[in-house]
>>> print(open('structure31.txt').read())   # compact mmCIF, C-alpha atoms and all ligand atoms
# COMPACT_ATOMS: atom_id res chain seq x y z
CA MET Y 9 -8.70 5.37 -32.07
CA LYS Y 10 -8.74 3.33 -35.27
CA ASP Y 11 -9.17 6.56 -37.28
CA ASP Y 12 -6.17 8.12 -35.48
CA ASN Y 13 -4.03 5.10 -36.36
CA GLN Y 14 -5.21 5.20 -39.98
CA ASN Y 15 -4.53 8.95 -40.20
CA MET Y 16 -1.05 8.46 -38.78
CA ALA Y 17 -0.33 5.63 -41.23
CA PHE Y 18 -1.61 7.81 -44.06
CA ALA Y 19 0.57 10.76 -42.94
CA ASN Y 20 3.63 8.50 -42.74
CA GLU Y 21 3.04 7.11 -46.20
CA MET Y 22 2.49 10.59 -47.63
CA SER Y 23 5.80 11.87 -46.23
CA GLY Y 24 7.74 10.22 -49.05
CA TYR Y 25 5.83 12.06 -51.76
CA SER Y 26 5.95 15.59 -53.07
CA LYS Y 27 3.46 18.24 -52.00
CA ILE Y 28 1.79 18.11 -55.43
CA ILE Y 29 1.03 14.41 -55.09
CA SER Y 30 -0.05 14.84 -51.45
CA ASP Y 31 -2.48 17.58 -52.43
CA ILE Y 32 -3.94 15.47 -55.25
CA VAL Y 33 -4.56 12.52 -52.94
CA LYS Y 34 -5.95 14.54 -50.02
CA ASP Y 35 -8.53 16.09 -52.36
CA GLY Y 36 -10.39 12.75 -52.43
CA GLN Y 37 -12.67 13.76 -55.28
CA ASN Y 38 -14.04 10.80 -57.26
CA PHE Y 39 -12.69 8.37 -54.67
CA GLY Y 40 -15.15 5.72 -53.54
CA ARG Y 41 -17.62 3.19 -54.88
CA MET Y 42 -20.78 3.84 -56.89
CA ASN Y 43 -24.13 2.10 -56.30
CA ASP Y 44 -25.61 2.08 -59.79
CA PRO Y 45 -22.92 2.57 -62.46
CA THR Y 46 -23.45 2.01 -66.18
CA SER Y 47 -20.41 -0.25 -66.06
CA SER Y 48 -17.60 -1.24 -63.73
CA ALA Y 49 -14.46 -3.33 -63.43
CA ALA Y 50 -12.06 -4.54 -60.76
CA ILE Y 51 -8.51 -5.75 -61.35
CA LYS Y 52 -5.87 -7.10 -58.97
CA GLY Y 53 -2.35 -6.21 -60.08
CA PRO Y 54 0.65 -8.56 -59.83
CA CYS Y 55 1.75 -6.69 -56.67
CA GLY Y 56 -1.56 -7.51 -54.95
CA ASP Y 57 -3.05 -4.01 -55.13
CA GLU Y 58 -6.63 -3.89 -56.38
CA MET Y 59 -8.34 -1.15 -58.34
CA GLU Y 60 -12.05 -0.67 -59.05
CA PHE Y 61 -13.56 1.74 -61.59
CA TYR Y 62 -17.24 2.73 -61.83
CA LEU Y 63 -18.53 4.68 -64.85
CA VAL Y 64 -21.73 6.50 -65.77
CA ILE Y 65 -21.84 6.69 -69.58
CA LYS Y 66 -24.49 8.56 -71.55
CA ASN Y 67 -24.46 8.83 -75.35
CA LYS Y 68 -20.97 7.27 -75.29
CA ILE Y 69 -19.64 10.11 -73.08
CA ILE Y 70 -18.18 9.30 -69.64
CA GLU Y 71 -20.18 11.63 -67.41
CA GLU Y 72 -19.20 10.31 -63.96
CA ILE Y 73 -16.35 8.22 -62.60
CA LYS Y 74 -15.55 6.82 -59.20
CA PHE Y 75 -12.60 4.63 -58.38
CA TYR Y 76 -11.64 2.70 -55.28
CA THR Y 77 -8.48 1.05 -54.06
CA LYS Y 78 -6.96 -0.05 -50.77
CA GLY Y 79 -3.56 0.18 -52.44
CA CYS Y 80 -0.72 2.54 -51.70
CA ILE Y 81 -0.61 6.27 -52.33
CA ALA Y 82 0.96 5.74 -55.77
CA THR Y 83 -1.92 3.48 -56.79
CA ARG Y 84 -4.39 6.05 -55.56
CA VAL Y 85 -2.75 9.01 -57.28
CA CYS Y 86 -2.61 7.09 -60.59
CA GLY Y 87 -6.34 6.41 -60.20
CA ILE Y 88 -7.00 10.11 -59.65
CA ILE Y 89 -5.02 11.17 -62.73
CA THR Y 90 -6.71 8.48 -64.85
CA VAL Y 91 -10.09 9.85 -63.74
CA GLN Y 92 -9.04 13.41 -64.60
CA LEU Y 93 -7.97 12.31 -68.08
CA ALA Y 94 -11.16 10.31 -68.79
CA LEU Y 95 -13.93 12.40 -67.25
CA GLY Y 96 -16.14 14.07 -69.87
CA LYS Y 97 -14.42 12.22 -72.72
CA SER Y 98 -15.97 9.91 -75.30
CA ILE Y 99 -15.33 6.23 -74.78
CA ASP Y 100 -13.08 6.25 -77.86
CA GLU Y 101 -10.99 9.09 -76.39
CA ALA Y 102 -10.81 7.30 -73.02
CA LEU Y 103 -9.63 4.12 -74.72
CA GLY Y 104 -6.75 6.21 -76.09
CA ILE Y 105 -5.47 7.02 -72.58
CA SER Y 106 -2.22 5.17 -71.92
CA PRO Y 107 -0.21 4.53 -68.75
CA LYS Y 108 2.44 6.83 -70.28
CA LYS Y 109 -0.10 9.64 -70.45
CA VAL Y 110 -0.81 9.16 -66.72
CA MET Y 111 2.94 9.17 -66.01
CA ASP Y 112 3.38 12.35 -68.08
CA ASN Y 113 1.10 14.03 -65.52
CA LEU Y 114 3.08 12.64 -62.57
CA THR Y 115 6.71 13.46 -63.14
CA ASP Y 116 7.75 12.81 -59.54
CA LEU Y 117 6.12 9.42 -59.00
CA PRO Y 118 8.83 7.02 -57.74
CA GLU Y 119 10.24 4.70 -60.43
CA GLU Y 120 9.21 1.55 -58.54
CA HIS Y 121 5.57 2.67 -58.63
CA ARG Y 122 5.26 3.25 -62.36
CA HIS Y 123 3.30 0.00 -62.73
CA CYS Y 124 0.49 1.61 -60.71
CA SER Y 125 -0.41 3.65 -63.82
CA ILE Y 126 -0.82 0.40 -65.78
CA LEU Y 127 -3.23 -0.94 -63.15
CA ALA Y 128 -5.30 2.27 -63.17
CA VAL Y 129 -5.56 2.55 -66.96
CA SER Y 130 -6.22 -1.19 -67.40
CA THR Y 131 -9.10 -1.01 -64.93
CA LEU Y 132 -10.59 2.02 -66.73
CA HIS Y 133 -10.33 0.22 -70.07
CA ARG Y 134 -11.92 -2.94 -68.66
CA ALA Y 135 -14.84 -0.88 -67.28
CA ILE Y 136 -15.31 0.58 -70.78
CA ALA Y 137 -15.20 -2.96 -72.22
CA ASP Y 138 -17.91 -3.91 -69.71
CA TYR Y 139 -20.06 -1.08 -71.16
CA LEU Y 140 -19.36 -2.13 -74.77
CA LEU Y 141 -20.27 -5.74 -74.03
CA LYS Y 142 -23.62 -4.67 -72.53
CA ASP Y 143 -24.41 -2.27 -75.41
FE1 LIG I 1 1.27 -2.10 -57.20
FE2 LIG I 1 0.58 0.42 -56.89
S1 LIG I 1 2.10 -0.66 -55.74
S2 LIG I 1 -0.32 -1.03 -58.21
>>> encode(input="structure31.txt", output="structure tokens", more="lines below")
Ligand code: FES
Amino acid sequence: MKDDNQNMAFANEMSGYSKIISDIVKDGQNFGRMNDPTSSAAIKGPCGDEMEFYLVIKNKIIEEIKFYTKGCIATRVCGIITVQLALGKSIDEALGISPKKVMDNLTDLPEEHRHCSILAVSTLHRAIADYLLKD
């Protein structure tokens, strides 16, 4: 019953977004937590949404990423795009990813949710900083 309620809430929230964004979110790839990452970070945004990033880095290349959030669909889709931009990249390249670059890949994200891209990219960058501080 709880799953039915969650699915209905999810479907209602998705109804305000385009099919492209819905398809990205439903894919679910790279969504979740990781048990033994090389580095990780968690940030709570000013709106209260939280984002977590988990990285596996080998030879300064980001080989695996998982992210997790209980935030809204916009937060989740920004996490997914951030992962797509960073996966397989060097840490220097990943540090060059900006919120604008995430937004460039999401032309129909509602204006009031543009800050979600800042939360996603900031969390990625902090996870990379966690790696650099351990190195
Ligand atoms: Fe605040 Fe998405 S609504 S980060």
>>> residues_near_ligand(input="structure31.txt", ligand="ligand LIG 1 (chain I)", cutoff="9 Å", atoms="all atoms listed in the file", output="count of residues only")
24
>>> closest_residue(input="structure31.txt", among="Y:Thr77, Y:Gln37, Y:Ser106, Y:Asn67", to="Thr90 of chain Y", atoms="all atoms listed in the file")
Y:Ser106
>>> closest_residue(input="structure31.txt", among="Y:Thr131, Y:Ala94, Y:Gly36, Y:Lys66", to="Lys109 of chain Y", atoms="all atoms listed in the file")
Y:Ala94
>>> residues_around(input="structure31.txt", residues="Gly40 of chain Y", least_positions_apart="5", cutoff="7 Å", atoms="all atoms listed in the file", output="NGL selection string")
:Y and (74-76)
>>> atom_distance(input="structure31.txt", atom1="atom CA of Ser47 of chain Y", atom2="atom CA of Asp100 of chain Y")
15.3 Å
>>> atom_distance(input="structure31.txt", atom1="atom CA of Pro107 of chain Y", atom2="atom CA of Ala137 of chain Y")
17.1 Å
>>> residues_around(input="structure31.txt", residues="Ile136 of chain Y", least_positions_apart="2", cutoff="9 Å", atoms="all atoms listed in the file", output="list in words")
Ser47, Ser48, Ala49, Leu63, Ile99, Ala102, Leu103, Thr131, Leu132, His133, Arg134, Asp138, Tyr139, Leu140 and Leu141 of chain Y
>>> atom_distance(input="structure31.txt", atom1="atom CA of Met111 of chain Y", atom2="atom CA of Lys78 of chain Y")
20.4 Å
